[in-house]
Amino acid sequence: MMVPGAAAPGAPAPHVTKDGSGGALPAVKAKVVSSQSGIRGERGTVTADPFERLFLAEYGRVVAIAHRVLAERSEAEDVAQEVFLDFHRRHDPEADYAAPWLHRAATHTALNRIRSHRRRQRRELASADLQSDAPDPQQVVEVMEERQRVRQALRRMPRKAASVLTLRYSGLSYVEVGAALGVSTGQIGTLLRRAEQALRKEMNHNATPQ
Amino acid sequence: MRHLSEGTLRRLYDDPHAIEERDRRHFAGCEVCRERLDAIAGDAREARQALLVDGVTVDSHAAYERLRRALPESGRERRPVRAPFRLAGWRVPALGVALALVLVGALTLSPFGASLDQLFQPKQIQPVTLSSQDVDSLQPLASYGTVAWQSRPAVQSQSSAAAAASASGLAEIQPTNLPTGASALPESWDSMNQSVSSFTFDQAKAAAQAARDGRQAPTFPAGVDGSTLVLKGGPGEAAIYGDTGQLKSAEQSGDTSNIGSVLAIGEARAPTVYSTGVSLDELKQVLLSQPGLTANARNLIQSLGGSAGSLPIPIPLAQASATSVTVHGVQGTAFGDNTGLGAAVVWIQNGVVYAVGGTYSLNQVLAVANGLP
């Protein structure tokens with residue numbers, strides 16, 4: 001029998017493949033330092049405002065999704081602010097689609113940002129400079145180049161494929177990914193498989209850093 | 001023996017308990033599927049590694065304070081949005097699916113449209129401005145015969161652009177020039193089947209209705225009485241960016257103040273009209289014989305077909321302005337302005353009617369239209 005909603009990070013024991021690894025994802029949510037429950041407003045007081053409750057409940061995850069694409073915390077937080085602001089202007093915070101909408105909007109907004117190719121490259125290089133006190137500067141540069149390659153691959157991939165990868169590897173369950181993308185849970189395995197194949201092809205295609 | 005699908009194996013990799021017992025049993029005894037899982041697992045590991053990023057720590061309360069400072073003082077303040085336009089005489093929900101599909105289909109698929117449509121497949125759009133008096137003067141034409149549906153138009157939700165394309169037989173809707181923020185909106189896709197309707201001229205019915213209305217009975221040219229027009233419309237498809245739940249509520253309530261941003265892209269096979277006997281000129285002659293037609297109504301009828309194969313689109317006089325634009329190198333018709341309250345563009349190319357519209361400026365809508373493949 002199918003178990004809908006399974007496969008969240010850290011959930012049931014993964015299948016062990018020939019090389020001994022499994023498919024469970026690592027814990028990938030952004031760590032929220034001041035509110036884990038998402039229902040407390042003024043530092044410990046329970047908030048009655050539905051939008052604030054929604055914000056506190058989902059902010060960490062929205063940042064994590066954007067960060068998965070952008071690999072830059074401050075920009076990921078900018079995306080989260082933009083997404084929540086947009087939601088606030090137009091939607092009911094108690095709508096049942098609120099969380100899926102935010103997840104999807106975070107993905108798309110972040111993917112839109114990596115389209116501005118040159119700007120991103122400049123930022124990443126600047127970021128690499130900032131980390132030049134790392135033990136091995138050469139290693140830092142290699143990491144930055146690899147990240148750039150991944151962002152280029154995501155940019156070239158079909159939007160839905162890039163979205164399913166972003167959402168799943170941000171720790172969303174199959175049910176949550178399906179809700180965010182507006183497709184049935186049963187389709188996620190197929191979408192994910194195709195997206196991973198597409199990512200591999202794009203990464204191979206782009207093996208030489210530009 | 002039927003092996004497990006790629007999707008099932010991918011799910012199995014993440015969670016062996018999430019697949020059906022039958023599939024699990026198959027997997028346990030199938031060397032082929034185990035080999036395939038290893039390949040799938042390899043891609044999954046590579047993807048996970050590629051998308052690995054450093055952990056992030058956020059202060060959600062501080063973030064909320066930042067957001068609150070950016071919010072309007074008076075609390076939630078949603079941008080009021082009104083329907084781009086509304087066609088007098090037809091209750092046209094001018095947003096969402098309707099925005100795309102009504103322009104493409106309803107005018108030709110409604111009983112009114114069926115009584116007016118052309119014996120041809122249109123090649124370009126021609127807007128005709130109508131007042132409520134113009135519309136009233138056309139209404140008796142519906143009594144000139146009887147409408148029958150062989151296949152009614154029905155809109156069906158689809159799971160993806162590819163599914164909508166598969167259902168409609170048209171190219172997948174893949175916009176490349178979406179306005180900023182539109183791609184962050186929820187998407188939905190719809191398809192519309194091909195509809196077939198017929199209109200059979202009935203002089204006795206027309207005379208009876210004229211007598212009831214105290215009008216002079218129309219005289220049909222020889223051979224028109226009993227002849228039938230057959231109208232095929234669609235199939236079509238639409239992609240909608242926006243909250244369709246809110247759209248439906250807005251359409252039902254008539255309150256469009258909270259619909260948020262909406263963008264609809266629709267395309268459909270241009271309607272085609274066949275006749276069992278009546279010619280286009282005879283059809284026009286019948287329609288123009290209706291006493292009391294206003295000048296604009298006569299223009300609408302006379303514009304049917306024409307040398308350029310025009311599809312007239314009635315535009316309410318006080319509701320919207322229409323301008324001629326060039327889209328993909330062909331003539332199209334644009335509605336609305338650059339206020340962002342609503343705009344749309346319609347054009348016909350290679351036998352397909354396209355419509356793009358939404359709560360965006362005309363320039364943005366035109367950019368979307370020109371960005372379609």
# chains A, B, ... in the order shown; residues from 1 in each chain; ligands from 1
>>> residues_around(residues="Leu199 (chain A)", least_positions_apart="4", cutoff="10 Å", atoms="only C-alpha atoms", output="JSON list (two decimals) with N, CA and C atoms, in the first residue's frame")
[["chain", "number", "residue", "atom", "x", "y", "z"],
["A", 150, "VAL", "N", 26.40, 24.37, -11.42],
["A", 150, "VAL", "CA", 25.09, 23.86, -11.02],
["A", 150, "VAL", "C", 24.01, 24.89, -11.35],
["A", 153, "ALA", "N", 23.28, 24.96, -14.93],
["A", 153, "ALA", "CA", 22.48, 23.79, -15.32],
["A", 153, "ALA", "C", 21.01, 24.01, -14.95],
["A", 154, "LEU", "N", 20.78, 24.49, -13.75],
["A", 154, "LEU", "CA", 19.40, 24.73, -13.31],
["A", 154, "LEU", "C", 18.71, 25.75, -14.21],
["A", 156, "ARG", "N", 19.24, 26.30, -17.33],
["A", 156, "ARG", "CA", 18.92, 25.77, -18.65],
["A", 156, "ARG", "C", 17.84, 24.70, -18.63],
["A", 157, "MET", "N", 17.62, 24.12, -17.47],
["A", 157, "MET", "CA", 16.65, 23.02, -17.39],
["A", 157, "MET", "C", 15.22, 23.54, -17.51],
["A", 161, "ALA", "N", 11.32, 20.84, -14.04],
["A", 161, "ALA", "CA", 12.37, 19.93, -13.58],
["A", 161, "ALA", "C", 13.25, 20.61, -12.53],
["A", 162, "ALA", "N", 13.62, 21.86, -12.78],
["A", 162, "ALA", "CA", 14.44, 22.58, -11.80],
["A", 162, "ALA", "C", 13.67, 22.76, -10.50],
["A", 165, "LEU", "N", 13.49, 19.45, -8.38],
["A", 165, "LEU", "CA", 14.78, 19.21, -7.71],
["A", 165, "LEU", "C", 14.95, 20.13, -6.51],
["A", 193, "ARG", "N", 12.88, 11.70, -11.15],
["A", 193, "ARG", "CA", 13.82, 10.87, -11.92],
["A", 193, "ARG", "C", 14.25, 11.60, -13.20],
["A", 194, "ARG", "N", 13.26, 12.13, -13.92],
["A", 194, "ARG", "CA", 13.58, 12.84, -15.16],
["A", 194, "ARG", "C", 14.43, 14.08, -14.88],
["A", 195, "ALA", "N", 14.13, 14.76, -13.79],
["A", 195, "ALA", "CA", 14.87, 15.97, -13.46],
["A", 195, "ALA", "C", 16.31, 15.64, -13.12],
["A", 203, "MET", "N", 24.89, 19.04, -16.49],
["A", 203, "MET", "CA", 26.19, 19.17, -15.81],
["A", 203, "MET", "C", 27.31, 18.64, -16.70],
["A", 204, "ASN", "N", 27.03, 17.54, -17.38],
["A", 204, "ASN", "CA", 28.05, 16.98, -18.29],
["A", 204, "ASN", "C", 28.27, 17.91, -19.47],
["A", 205, "HIS", "N", 27.14, 18.47, -19.95],
["A", 205, "HIS", "CA", 27.23, 19.39, -21.09],
["A", 205, "HIS", "C", 28.08, 20.61, -20.73],
["B", 43, "ASP", "N", 22.22, 8.69, -10.14],
["B", 43, "ASP", "CA", 21.80, 10.04, -10.54],
["B", 43, "ASP", "C", 21.30, 10.83, -9.34],
["B", 44, "ALA", "N", 20.58, 10.15, -8.46],
["B", 44, "ALA", "CA", 20.05, 10.85, -7.29],
["B", 44, "ALA", "C", 21.18, 11.34, -6.39],
["B", 46, "GLU", "N", 24.22, 12.05, -7.31],
["B", 46, "GLU", "CA", 24.90, 13.17, -7.99],
["B", 46, "GLU", "C", 24.09, 14.45, -7.84],
["B", 47, "ALA", "N", 22.78, 14.33, -7.98],
["B", 47, "ALA", "CA", 21.93, 15.52, -7.86],
["B", 47, "ALA", "C", 22.01, 16.09, -6.44],
["B", 50, "ALA", "N", 25.25, 17.82, -6.06],
["B", 50, "ALA", "CA", 25.31, 19.07, -6.82],
["B", 50, "ALA", "C", 24.53, 20.18, -6.12]]
>>> residues_around(residues="Glu82 (chain A)", least_positions_apart="5", cutoff="10 Å", atoms="only C-alpha atoms", output="short mmCIF file (atom, residue, chain, number, x, y, z; two decimals) with C-alpha atoms, in the first residue's frame")
data_model
loop_
_atom_site.label_atom_id
_atom_site.label_comp_id
_atom_site.auth_asym_id
_atom_site.auth_seq_id
_atom_site.Cartn_x
_atom_site.Cartn_y
_atom_site.Cartn_z
CA ALA A 76 17.79 33.85 -0.28
CA GLU A 77 16.40 36.01 2.53
CA PHE A 87 1.63 36.85 -0.69
CA HIS A 88 0.55 39.40 1.92
CA ALA A 105 6.91 31.13 -5.39
CA ALA A 106 10.23 30.80 -3.58
CA THR A 109 11.60 33.61 -7.80
CA LEU B 67 8.84 42.65 6.52
CA GLY B 181 6.57 37.95 -10.81
#
>>> residues_around(residues="Leu372 (chain B)", least_positions_apart="3", cutoff="8 Å", atoms="only C-alpha atoms", output="PDB file with N, CA and C atoms, in the first residue's frame")
ATOM      1  N   ILE B 173       2.073  25.308 -24.641  1.00  0.00           N
ATOM      2  CA  ILE B 173       2.192  26.742 -24.349  1.00  0.00           C
ATOM      3  C   ILE B 173       3.439  26.941 -23.488  1.00  0.00           C
ATOM      4  N   GLN B 174       4.435  27.578 -24.064  1.00  0.00           N
ATOM      5  CA  GLN B 174       5.699  27.787 -23.355  1.00  0.00           C
ATOM      6  C   GLN B 174       6.117  29.247 -23.479  1.00  0.00           C
ATOM      7  N   PRO B 175       5.546  30.113 -22.656  1.00  0.00           N
ATOM      8  CA  PRO B 175       5.905  31.528 -22.748  1.00  0.00           C
ATOM      9  C   PRO B 175       7.346  31.759 -22.311  1.00  0.00           C
ATOM     10  N   THR B 176       8.020  32.635 -23.019  1.00  0.00           N
ATOM     11  CA  THR B 176       9.418  32.915 -22.665  1.00  0.00           C
ATOM     12  C   THR B 176       9.595  34.324 -22.122  1.00  0.00           C
ATOM     13  N   ASN B 177       8.524  35.113 -22.150  1.00  0.00           N
ATOM     14  CA  ASN B 177       8.637  36.524 -21.777  1.00  0.00           C
ATOM     15  C   ASN B 177       7.630  36.893 -20.705  1.00  0.00           C
ATOM     16  N   VAL B 368       4.535  39.196 -23.785  1.00  0.00           N
ATOM     17  CA  VAL B 368       4.238  37.766 -23.611  1.00  0.00           C
ATOM     18  C   VAL B 368       3.822  37.168 -24.952  1.00  0.00           C
ATOM     19  N   ALA B 369       2.929  37.883 -25.651  1.00  0.00           N
ATOM     20  CA  ALA B 369       2.419  37.378 -26.931  1.00  0.00           C
ATOM     21  C   ALA B 369       3.561  37.178 -27.923  1.00  0.00           C
TER      22      ALA B 369
END
>>> residues_around(residues="region 174-181 of chain A", least_positions_apart="2", cutoff="6 Å", atoms="only C-alpha atoms", output="PyMOL selection string")
chain A and resi 5+100+104+172+183-185
>>> residues_around(residues="region 146-153 of chain B", least_positions_apart="2", cutoff="6 Å", atoms="only C-alpha atoms", output="number ranges by chain")
B: 193, 195-200
>>> atom_distance(atom1="CA of Tyr144 (chain B)", atom2="CA of Asp202 (chain B)")
5.8 Å
